[in-house]
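Text of target_1.tsv (TSV, C-alpha atoms and all ligand atoms) as supplied:
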```tsv
chain	number	residue	atom	x	y	z
A	1	MET	CA	14.78	-0.85	22.33
A	2	ARG	CA	12.58	-3.01	20.08
A	3	TYR	CA	11.97	-2.29	16.42
A	4	ALA	CA	9.71	-3.91	13.80
A	5	ALA	CA	11.91	-5.01	10.88
A	6	ILE	CA	10.40	-5.90	7.50
A	7	THR	CA	11.46	-9.52	6.93
A	8	GLY	CA	9.13	-10.43	4.06
A	9	TRP	CA	7.24	-8.66	1.28
A	10	GLY	CA	5.06	-9.54	-1.68
A	11	MET	CA	2.52	-8.26	-4.16
A	12	SER	CA	-0.32	-9.47	-6.33
A	13	VAL	CA	-2.30	-7.91	-9.18
A	14	PRO	CA	-5.14	-9.37	-11.25
A	15	GLU	CA	-4.30	-10.82	-14.67
A	16	ARG	CA	-6.74	-8.70	-16.64
A	17	VAL	CA	-5.12	-5.61	-18.21
A	18	LEU	CA	-7.15	-2.50	-19.05
A	19	THR	CA	-5.17	-0.28	-21.42
A	20	ASN	CA	-5.71	3.33	-22.39
A	21	ALA	CA	-6.76	2.02	-25.81
A	22	ASP	CA	-9.49	-0.03	-24.10
A	23	LEU	CA	-10.69	3.11	-22.30
A	24	GLU	CA	-10.73	5.05	-25.58
A	25	ARG	CA	-13.45	2.61	-26.67
A	26	MET	CA	-15.45	3.16	-23.45
A	27	VAL	CA	-15.38	6.94	-22.84
A	28	ASP	CA	-14.43	10.13	-24.68
A	29	THR	CA	-10.71	10.09	-23.88
A	30	SER	CA	-7.35	9.43	-25.52
A	31	ASP	CA	-4.13	7.66	-24.69
A	32	GLU	CA	-2.33	10.98	-25.23
A	33	TRP	CA	-4.56	12.79	-22.67
A	34	ILE	CA	-4.27	10.04	-20.05
A	35	VAL	CA	-0.49	9.65	-20.37
A	36	SER	CA	0.25	13.38	-20.39
A	37	ARG	CA	-2.14	14.19	-17.48
A	38	THR	CA	-1.52	11.13	-15.29
A	39	GLY	CA	1.40	9.00	-16.53
A	40	ILE	CA	-0.86	5.91	-16.58
A	41	ARG	CA	-0.69	3.56	-19.60
A	42	GLU	CA	-2.53	0.52	-18.27
A	43	ARG	CA	-3.95	-0.87	-15.05
A	44	ARG	CA	-4.93	-4.32	-13.72
A	45	VAL	CA	-8.60	-4.94	-13.13
A	46	VAL	CA	-10.30	-7.70	-11.13
A	47	GLY	CA	-12.15	-10.43	-12.99
A	48	PRO	CA	-15.08	-12.53	-11.70
A	49	ASP	CA	-12.80	-14.89	-9.73
A	50	ASP	CA	-10.70	-12.13	-8.10
A	51	SER	CA	-11.47	-10.37	-4.84
A	52	THR	CA	-9.76	-8.21	-2.26
A	53	THR	CA	-9.29	-11.43	-0.27
A	54	SER	CA	-7.76	-13.45	-3.11
A	55	LEU	CA	-5.31	-10.67	-4.00
A	56	SER	CA	-4.42	-10.11	-0.33
A	57	ALA	CA	-3.84	-13.81	0.29
A	58	ALA	CA	-1.59	-14.10	-2.78
A	59	ALA	CA	0.52	-11.11	-1.69
A	60	ALA	CA	0.64	-12.45	1.87
A	61	ARG	CA	1.82	-15.91	0.76
A	62	GLN	CA	4.73	-14.28	-1.09
A	63	ALA	CA	5.63	-12.18	1.95
A	64	LEU	CA	5.46	-15.21	4.26
A	65	ALA	CA	7.58	-17.31	1.90
A	66	ARG	CA	10.23	-14.56	1.79
A	67	ALA	CA	10.27	-14.40	5.57
A	68	ASP	CA	10.31	-18.21	5.72
A	69	LEU	CA	7.31	-18.26	8.03
A	70	THR	CA	4.03	-20.15	8.00
A	71	PRO	CA	0.64	-18.53	8.72
A	72	ASP	CA	0.63	-20.36	12.09
A	73	GLU	CA	3.64	-18.29	13.14
A	74	ILE	CA	1.86	-14.96	12.55
A	75	ASP	CA	0.35	-13.30	15.65
A	76	LEU	CA	-1.63	-10.50	14.01
A	77	ILE	CA	-2.96	-9.60	10.56
A	78	VAL	CA	-3.77	-5.96	9.77
A	79	VAL	CA	-5.36	-5.15	6.42
A	80	ALA	CA	-5.65	-1.62	5.07
A	81	THR	CA	-8.54	-1.41	2.61
A	82	CYS	CA	-11.55	0.67	1.67
A	83	THR	CA	-12.96	-2.15	-0.47
A	84	PRO	CA	-13.32	-5.11	1.88
A	85	ASP	CA	-15.20	-8.08	0.43
A	86	GLN	CA	-17.66	-7.77	3.31
A	87	PHE	CA	-18.45	-5.06	5.82
A	88	VAL	CA	-19.39	-7.30	8.77
A	89	VAL	CA	-16.47	-9.72	8.69
A	90	SER	CA	-13.20	-7.80	8.62
A	91	GLU	CA	-11.05	-8.25	5.54
A	92	ALA	CA	-8.25	-9.40	7.85
A	93	CYS	CA	-10.44	-12.29	9.08
A	94	LEU	CA	-11.25	-13.27	5.50
A	95	VAL	CA	-7.53	-13.29	4.70
A	96	GLN	CA	-6.80	-15.38	7.80
A	97	ALA	CA	-9.48	-17.87	6.73
A	98	GLU	CA	-7.75	-18.14	3.35
A	99	LEU	CA	-4.21	-18.50	4.76
A	100	GLY	CA	-4.87	-20.52	7.89
A	101	GLY	CA	-3.55	-19.89	11.39
A	102	ARG	CA	-5.18	-18.16	14.36
A	103	ALA	CA	-3.69	-14.67	14.22
A	104	ALA	CA	-5.64	-11.76	15.65
A	105	ALA	CA	-7.09	-9.80	12.77
A	106	PHE	CA	-8.51	-6.34	12.08
A	107	ASP	CA	-8.77	-3.72	9.35
A	108	VAL	CA	-7.55	-0.14	9.09
A	109	GLY	CA	-9.48	2.35	6.97
A	110	ALA	CA	-7.59	5.32	5.59
A	111	ALA	CA	-8.21	4.89	1.84
A	112	CYS	CA	-5.00	5.34	-0.18
A	113	SER	CA	-3.06	6.31	2.96
A	114	GLY	CA	-4.16	3.05	4.55
A	115	PHE	CA	-1.04	0.94	4.15
A	116	VAL	CA	1.25	3.49	5.81
A	117	TYR	CA	-1.34	3.97	8.59
A	118	ALA	CA	-1.55	0.16	9.05
A	119	LEU	CA	2.23	-0.21	9.03
A	120	SER	CA	2.52	2.37	11.80
A	121	VAL	CA	-0.18	0.65	13.92
A	122	ALA	CA	1.26	-2.83	13.34
A	123	SER	CA	4.80	-1.66	14.15
A	124	LEU	CA	3.62	-0.40	17.54
A	125	PHE	CA	2.36	-3.88	18.47
A	126	VAL	CA	5.82	-5.28	17.73
A	127	GLN	CA	7.76	-2.39	19.28
A	128	HIS	CA	5.76	-2.68	22.52
A	129	GLY	CA	6.35	-6.42	22.76
A	130	ILE	CA	2.68	-7.34	22.34
A	131	HIS	CA	3.27	-9.37	19.18
A	132	GLU	CA	6.38	-10.90	17.60
A	133	ARG	CA	5.28	-11.33	13.98
A	134	VAL	CA	2.68	-9.28	12.17
A	135	LEU	CA	1.40	-9.45	8.61
A	136	VAL	CA	0.44	-6.05	7.16
A	137	ILE	CA	-1.51	-5.90	3.91
A	138	GLY	CA	-2.66	-3.03	1.71
A	139	ALA	CA	-5.34	-4.16	-0.74
A	140	ASP	CA	-8.09	-2.60	-2.80
A	141	THR	CA	-10.40	-3.45	-5.67
A	142	LEU	CA	-11.61	0.08	-6.36
A	143	THR	CA	-12.49	-0.68	-9.97
A	144	ARG	CA	-15.64	-2.37	-8.65
A	145	PHE	CA	-16.76	1.12	-7.53
A	146	VAL	CA	-15.58	3.11	-10.53
A	147	ASP	CA	-18.16	4.63	-12.86
A	148	TYR	CA	-16.97	3.59	-16.32
A	149	THR	CA	-19.01	6.39	-17.89
A	150	ASP	CA	-17.10	9.09	-15.94
A	151	ARG	CA	-13.89	9.80	-17.85
A	152	SER	CA	-12.44	11.96	-15.07
A	153	THR	CA	-12.22	9.03	-12.60
A	154	CYS	CA	-12.37	5.75	-14.54
A	155	ILE	CA	-8.95	6.25	-16.14
A	156	LEU	CA	-7.18	6.48	-12.78
A	157	PHE	CA	-7.77	3.28	-10.83
A	158	GLY	CA	-6.50	-0.29	-10.84
A	159	ASP	CA	-6.64	-3.20	-8.39
A	160	GLY	CA	-4.02	-5.07	-6.37
A	161	ALA	CA	-2.54	-6.01	-3.03
A	162	GLY	CA	0.84	-5.77	-1.32
A	163	ALA	CA	2.01	-7.25	1.96
A	164	VAL	CA	4.89	-7.13	4.42
A	165	VAL	CA	5.85	-9.24	7.43
A	166	LEU	CA	7.14	-7.42	10.51
A	167	GLU	CA	9.33	-9.10	13.11
A	168	ALA	CA	10.89	-7.87	16.30
A	169	SER	CA	14.49	-6.66	16.00
A	170	ASP	CA	16.87	-5.14	18.52
A	171	GLU	CA	18.56	-3.05	15.81
A	172	PRO	CA	16.97	0.07	14.29
A	173	ARG	CA	15.12	-1.53	11.36
A	174	GLY	CA	11.61	-1.02	9.99
A	175	LEU	CA	9.72	2.19	10.77
A	176	LEU	CA	11.96	4.78	12.42
A	177	SER	CA	9.43	7.63	12.28
A	178	THR	CA	5.78	8.15	11.44
A	179	VAL	CA	3.69	11.14	10.41
A	180	LEU	CA	-0.08	10.62	10.20
A	181	GLY	CA	-2.65	13.30	9.45
A	182	ALA	CA	-6.18	13.97	8.31
A	183	ASP	CA	-8.43	16.84	7.28
A	184	GLY	CA	-11.92	15.42	7.71
A	185	ALA	CA	-13.56	18.56	6.37
A	186	GLY	CA	-11.95	17.72	3.04
A	187	ASN	CA	-13.99	14.50	2.77
A	188	ARG	CA	-16.25	16.17	0.20
A	189	HIS	CA	-13.43	16.28	-2.37
A	190	LEU	CA	-13.10	12.50	-2.65
A	191	TYR	CA	-15.85	10.17	-1.49
A	192	ALA	CA	-18.42	7.56	-2.46
A	193	PRO	CA	-21.95	8.51	-1.41
A	194	GLY	CA	-24.10	5.51	-0.52
A	195	TRP	CA	-21.11	3.26	0.16
A	196	GLY	CA	-21.92	2.59	3.79
A	197	ALA	CA	-24.65	2.47	6.40
A	198	VAL	CA	-26.21	5.78	5.34
A	199	VAL	CA	-28.31	4.87	2.32
A	200	PRO	CA	-29.36	7.75	0.13
A	201	GLU	CA	-33.03	7.96	-0.87
A	202	SER	CA	-32.02	7.31	-4.44
A	203	ALA	CA	-31.06	3.75	-3.45
A	204	ALA	CA	-34.68	2.97	-2.60
A	205	LEU	CA	-35.96	4.73	-5.70
A	206	PHE	CA	-33.45	3.11	-8.01
A	207	PRO	CA	-32.72	-0.50	-7.05
A	208	GLU	CA	-29.86	-0.58	-9.53
A	209	PHE	CA	-28.14	2.21	-7.57
A	210	ARG	CA	-24.42	1.59	-7.06
A	211	PRO	CA	-22.06	3.76	-5.08
A	212	TYR	CA	-19.39	5.32	-7.25
A	213	LEU	CA	-16.29	7.29	-6.39
A	214	GLN	CA	-16.81	11.04	-6.73
A	215	MET	CA	-13.82	13.31	-6.92
A	216	ASN	CA	-12.86	16.94	-7.25
A	217	GLY	CA	-9.65	16.14	-9.13
A	218	GLN	CA	-8.04	19.56	-9.06
A	219	GLU	CA	-8.66	20.06	-5.34
A	220	VAL	CA	-7.26	16.59	-4.56
A	221	PHE	CA	-4.27	17.30	-6.80
A	222	ARG	CA	-3.34	20.51	-4.95
A	223	PHE	CA	-3.83	18.85	-1.56
A	224	ALA	CA	-1.78	15.80	-2.59
A	225	VAL	CA	1.32	17.74	-3.66
A	226	ARG	CA	1.35	19.73	-0.42
A	227	ALA	CA	0.50	16.79	1.87
A	228	MET	CA	2.99	14.34	0.34
A	229	GLY	CA	5.84	16.86	0.33
A	230	ASP	CA	5.24	18.10	3.86
A	231	ALA	CA	4.61	14.66	5.41
A	232	ALA	CA	7.73	13.16	3.79
A	233	ALA	CA	9.89	16.07	4.97
A	234	GLU	CA	8.53	15.78	8.52
A	235	ALA	CA	9.08	12.01	8.61
A	236	VAL	CA	12.72	12.44	7.58
A	237	GLU	CA	13.25	15.15	10.18
A	238	ARG	CA	11.59	13.08	12.93
A	239	ALA	CA	13.93	10.18	12.10
A	240	GLY	CA	16.85	12.57	12.70
A	241	LEU	CA	17.93	12.28	9.06
A	242	GLY	CA	18.27	14.49	6.01
A	243	PHE	CA	17.22	13.63	2.45
A	244	GLY	CA	20.89	12.97	1.71
A	245	ASP	CA	20.53	9.89	3.93
A	246	VAL	CA	17.52	8.61	1.97
A	247	GLU	CA	18.07	6.00	-0.73
A	248	MET	CA	14.59	6.05	-2.19
A	249	LEU	CA	11.20	7.74	-1.87
A	250	ILE	CA	8.31	5.32	-2.41
A	251	PRO	CA	5.20	7.44	-2.89
A	252	HIS	CA	1.54	6.56	-3.37
A	253	GLN	CA	1.04	6.09	-7.11
A	254	ALA	CA	-1.87	8.36	-8.04
A	255	ASN	CA	-0.58	10.68	-10.74
A	256	ALA	CA	2.92	11.15	-12.19
A	257	ARG	CA	2.51	14.92	-12.04
A	258	ILE	CA	1.71	14.73	-8.31
A	259	ILE	CA	4.80	12.58	-7.71
A	260	ASP	CA	7.02	14.92	-9.79
A	261	ALA	CA	5.69	18.04	-8.03
A	262	ALA	CA	6.15	16.47	-4.58
A	263	ALA	CA	9.73	15.47	-5.50
A	264	ARG	CA	10.44	19.03	-6.69
A	265	ARG	CA	9.01	20.38	-3.42
A	266	LEU	CA	11.50	18.13	-1.60
A	267	ASP	CA	14.34	18.96	-4.00
A	268	LEU	CA	14.74	15.23	-4.62
A	269	PRO	CA	16.12	13.93	-7.95
A	270	LEU	CA	13.59	11.74	-9.78
A	271	GLU	CA	16.10	8.82	-9.90
A	272	LYS	CA	15.46	8.50	-6.16
A	273	VAL	CA	11.68	8.36	-6.57
A	274	TRP	CA	10.01	5.05	-7.40
A	275	SER	CA	7.18	4.99	-9.91
A	276	ASN	CA	5.26	2.10	-11.49
A	277	LEU	CA	2.14	4.13	-12.14
A	278	ASP	CA	2.33	3.53	-15.89
A	279	ARG	CA	1.54	-0.19	-15.38
A	280	TYR	CA	-0.92	-0.21	-12.48
A	281	GLY	CA	-2.59	3.20	-12.12
A	282	ASN	CA	-3.82	4.07	-8.64
A	283	THR	CA	-4.30	0.86	-6.63
A	284	SER	CA	-5.25	2.77	-3.47
A	285	ALA	CA	-3.98	1.07	-0.27
A	286	ALA	CA	-2.04	-1.46	-2.38
A	287	SER	CA	0.06	1.11	-4.19
A	288	VAL	CA	2.82	1.68	-1.62
A	289	PRO	CA	3.45	-2.02	-0.77
A	290	ILE	CA	3.34	-2.98	-4.47
A	291	ALA	CA	5.83	-0.19	-5.22
A	292	LEU	CA	8.01	-1.35	-2.32
A	293	ALA	CA	8.06	-4.96	-3.57
A	294	GLU	CA	8.88	-3.92	-7.14
A	295	ALA	CA	11.51	-1.40	-6.08
A	296	GLU	CA	13.22	-4.05	-3.92
A	297	ALA	CA	13.35	-6.44	-6.87
A	298	THR	CA	15.53	-3.96	-8.78
A	299	GLY	CA	18.21	-4.22	-6.09
A	300	ARG	CA	18.25	-0.44	-5.68
A	301	PHE	CA	18.43	-0.65	-1.90
A	302	ALA	CA	19.93	-3.04	0.61
A	303	GLU	CA	20.43	-3.75	4.31
A	304	GLY	CA	20.62	-0.53	6.29
A	305	ASP	CA	19.31	1.81	3.57
A	306	ASN	CA	16.64	4.38	4.46
A	307	LEU	CA	13.42	4.59	2.46
A	308	VAL	CA	10.60	7.10	2.75
A	309	LEU	CA	7.05	5.81	2.29
A	310	VAL	CA	4.45	8.52	1.74
A	311	ALA	CA	0.78	8.48	0.77
A	312	PHE	CA	-2.37	10.60	0.62
A	313	GLY	CA	-5.98	9.70	0.06
A	314	ALA	CA	-9.64	10.11	0.82
A	315	GLY	CA	-10.38	11.52	4.24
A	316	LEU	CA	-8.62	13.60	3.30
A	317	SER	CA	-5.73	11.75	4.86
A	318	TRP	CA	-1.96	11.53	4.61
A	319	ALA	CA	0.79	9.36	6.06
A	320	ALA	CA	4.56	9.06	5.81
A	321	GLY	CA	7.31	7.14	7.47
A	322	VAL	CA	11.02	6.44	7.24
A	323	VAL	CA	11.76	2.73	6.94
A	324	ARG	CA	15.24	1.35	7.49
A	325	TRP	CA	15.49	-1.70	5.27
A	326	GLY	CA	16.92	-5.01	6.42
A	327	ILE	CA	16.71	-7.67	9.11
A	328	ALA	CA	19.70	-6.96	11.35
A	329	GLY	CA	18.85	-7.78	14.92
A	330	VAL	CA	15.97	-10.15	14.12
A	331	LYS	CA	16.19	-13.23	16.31
A	332	ARG	CA	14.09	-16.32	16.03
A	333	THR	CA	13.71	-18.62	18.95
A	334	VAL	CA	13.49	-22.24	17.98
A	335	PRO	CA	11.01	-24.18	20.10
A	336	PRO	CA	12.39	-27.13	22.06
A	337	GLY	CA	13.03	-30.04	19.72
A	338	GLY	CA	12.38	-27.83	16.67
A	339	VAL	CA	14.52	-26.52	13.85
A	340	GLY	CA	14.52	-22.84	12.98
A	341	THR	CA	15.97	-20.69	10.25
A	342	ALA	CA	16.92	-17.08	9.82
A	343	VAL	CA	16.63	-15.50	6.40
A	344	ASP	CA	18.26	-12.48	4.85
A	345	GLY	CA	16.44	-9.63	3.11
A	346	GLY	CA	16.31	-11.61	-0.12
A	347	GLY	CA	14.62	-14.58	1.49
A	348	ARG	CA	17.82	-16.66	1.53
A	349	ARG	CA	18.53	-18.88	4.51
A	350	ILE	CA	21.52	-17.60	6.42
A	351	ALA	CA	21.46	-19.78	9.50
A	352	THR	CA	19.75	-22.84	10.76
A	353	GLY	CA	19.67	-23.94	14.35
A	354	ALA	CA	18.24	-27.01	15.99
A	355	ALA	CA	17.19	-27.12	19.61
A	356	ALA	CA	19.20	-29.68	21.54
A	357	ASN	CA	18.19	-31.48	24.70
A	358	GLY	CA	14.86	-29.72	24.81
A	359	ARG	CA	16.50	-26.30	25.15
A	360	ALA	CA	15.52	-23.45	22.84
A	361	VAL	CA	18.26	-21.88	20.73
A	362	GLU	CA	18.28	-18.49	19.08
A	363	VAL	CA	18.95	-18.04	15.39
A	364	ALA	CA	19.96	-14.46	14.83
A	365	GLY	CA	19.74	-12.44	11.63
A	366	VAL	CA	22.85	-10.78	10.20
A	401	LIG	N1	-9.92	12.35	-21.16
A	401	LIG	C1	-10.03	13.52	-21.82
A	401	LIG	N2	-10.38	14.67	-21.23
A	401	LIG	C2	-10.66	14.63	-19.91
A	401	LIG	C3	-10.58	13.44	-19.17
A	401	LIG	C4	-10.20	12.28	-19.84
A	401	LIG	N3	-10.09	11.08	-19.21
A	401	LIG	N4	-10.90	13.72	-17.89
A	401	LIG	C5	-11.17	15.02	-17.81
A	401	LIG	N5	-11.04	15.59	-19.04
A	401	LIG	C6	-11.23	16.97	-19.45
A	401	LIG	C7	-12.11	17.75	-18.50
A	401	LIG	O1	-13.47	17.53	-18.80
A	401	LIG	C8	-11.66	19.15	-18.76
A	401	LIG	O2	-12.29	19.61	-19.93
A	401	LIG	P1	-12.81	21.13	-20.03
A	401	LIG	O3	-11.56	21.97	-19.89
A	401	LIG	O4	-13.40	21.15	-21.38
A	401	LIG	O5	-13.77	21.29	-18.92
A	401	LIG	C9	-10.16	19.01	-19.07
A	401	LIG	O6	-9.97	17.63	-19.41
A	401	LIG	C10	-9.27	19.36	-17.90
A	401	LIG	O7	-9.75	18.72	-16.74
A	401	LIG	P2	-9.03	18.87	-15.36
A	401	LIG	O8	-9.88	18.22	-14.31
A	401	LIG	O9	-8.62	20.29	-15.16
A	401	LIG	O10	-7.74	17.99	-15.60
A	401	LIG	P3	-6.50	17.82	-14.68
A	401	LIG	O11	-5.28	18.24	-15.38
A	401	LIG	O12	-6.76	18.38	-13.29
A	401	LIG	O13	-6.42	16.24	-14.54
A	401	LIG	C11	-6.95	14.50	-12.96
A	401	LIG	C12	-7.50	15.53	-13.96
A	401	LIG	C13	-6.07	13.54	-13.72
A	401	LIG	C14	-8.11	13.76	-12.33
A	401	LIG	C15	-6.11	15.23	-11.88
A	401	LIG	O14	-6.84	16.33	-11.36
A	401	LIG	C16	-5.73	14.34	-10.73
A	401	LIG	O15	-5.00	13.38	-10.90
A	401	LIG	N6	-6.15	14.68	-9.49
A	401	LIG	C17	-5.83	13.89	-8.33
A	401	LIG	C18	-6.75	12.71	-8.26
A	401	LIG	C19	-6.28	11.65	-7.32
A	401	LIG	O16	-5.11	11.43	-7.12
A	401	LIG	N7	-7.24	10.93	-6.76
A	401	LIG	C20	-6.97	9.76	-6.00
A	401	LIG	C21	-6.89	9.99	-4.55
A	401	LIG	S1	-6.52	8.54	-3.71
A	401	LIG	C22	-7.86	7.78	-2.95
A	401	LIG	O17	-7.96	7.81	-1.75
A	401	LIG	C23	-8.92	7.11	-3.75
```

Go ahead and express the file in the form of structure tokens.
Amino acid sequence: MRYAAITGWGMSVPERVLTNADLERMVDTSDEWIVSRTGIRERRVVGPDDSTTSLSAAAARQALARADLTPDEIDLIVVATCTPDQFVVSEACLVQAELGGRAAAFDVGAACSGFVYALSVASLFVQHGIHERVLVIGADTLTRFVDYTDRSTCILFGDGAGAVVLEASDEPRGLLSTVLGADGAGNRHLYAPGWGAVVPESAALFPEFRPYLQMNGQEVFRFAVRAMGDAAAEAVERAGLGFGDVEMLIPHQANARIIDAAARRLDLPLEKVWSNLDRYGNTSAASVPIALAEAEATGRFAEGDNLVLVAFGAGLSWAAGVVRWGIAGVKRTVPPGGVGTAVDGGGRRIATGAAANGRAVEVAGV
């Protein structure tokens, strides 16, 4: 059986910080309201030189460096985003142009659920033996589509990108189960009219028209608690595990109250639930891979530990999966005459092999 282990990971956020105090000067709101209703204290916002592509490429370079791979060694790039820099050229192609290499490239659109959707699609390519090494990115620059006169939405969003590298393993690593779902009829609760090929009449009448996110916050809130709780529980069950076997839940970072309520629904202690919402707000498709990269850096999980990734978003959509962390069973074949390395989960070299007499050698992970 083939699995798709995560052998590299990385994240990138813009430098510019937008604090609650900054927002107090822009709309009728307060730090107290924002913190108590959402848990967000500040978020990172793109500047003129940032883009979905630049953030994605920065996160990808980190992930590739951790995996000790070059862009030439990647077979496929999948980017989850609802804010691509262009609509004709896929974001994945723009990222490939930035990184180099000739990987196949396409995008996945599932808003904030996008990274977990993309991870499940990308894992299938590896599990079925179609590709050996796949780069999966979740990236969004939603603040470009936020109406900074609407206090009910502008406080929520930030920008960023996160990335992982998947490699074939013959041990159960990477995604062990997946739950994907959508309720298309719920699209009216969270959407951006005029952000696509259907142009509203107002666009012709008002040339300055810009599509902004529209949201029924309370409806999305209720949906999110139910969807995250149920999808996470189903993913754990499908992996043949119980929550006692789970080291950490890494949820989409939209609202601290949603995360707390979902954790209560799952009877999961908050120490096992990762949150960095206070520093980044909702970064849409980037939120889960950024959370994963930051959670890993704390050393809270290691080789063989089970994590649950879970997200919800526009669509309405939801996605969850159990990931077994680590690189056991990952083998790298060194081309004839070449030198290859295997790395551990922390990006450290654990073995180096050189091909002798034109014969390929295998360098196995731990
Ligand atoms: N500052 C001060 N007051 C505010 C603000 C603000 N920033 N925003 C709204 N209010 C006011 C409202 O006008 C309302 O006033 P009223 O009672 O006088 O009418 C009051 O606060 C309560 O508003 P609610 O909407 O009931 O506030 P709620 O507790 O539901 O919090 C929030 C609003 C934070 C938006 C919450 O509903 C939420 O987080 N929902 C989920 C949203 C979400 O996660 N969206 C992302 C989906 S992911 C994707 O795919 C993009």

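Shortest atom-to-atom contact with A:Glu42 among A:Glu234, A:Asp267, A:Asp278, A:Glu132: A:Asp278, counting only C-alpha atoms.
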
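With atom CA of A:Leu18 on one side and atom CA of A:Val164 on the other, the separation reads 26.8 Å.
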
Review point. Could you pull the residues within 9 Å of A:Val78, counting all atoms listed in the file, minus those fewer than 4 positions along the same chain, as a PyMOL selection string?
Key: chain A and resi 91-92+104-108+118-119+121-122+134-138

Exercise for review: For A:Phe243, please output as a list of chain:residue names all residues within 9 Å (counting only C-alpha atoms; exclusion window: fewer than 4 positions along the same chain).
Suggested key: A:Ala233, A:Val236, A:Glu237, A:Glu247, A:Leu266, A:Asp267, A:Leu268

Point to revise | Distance criterion (all atoms listed in the file): nearest to A:Trp274 out of A:Glu167, A:Ala286, A:Ala291, A:Ser12 | key: A:Ala291
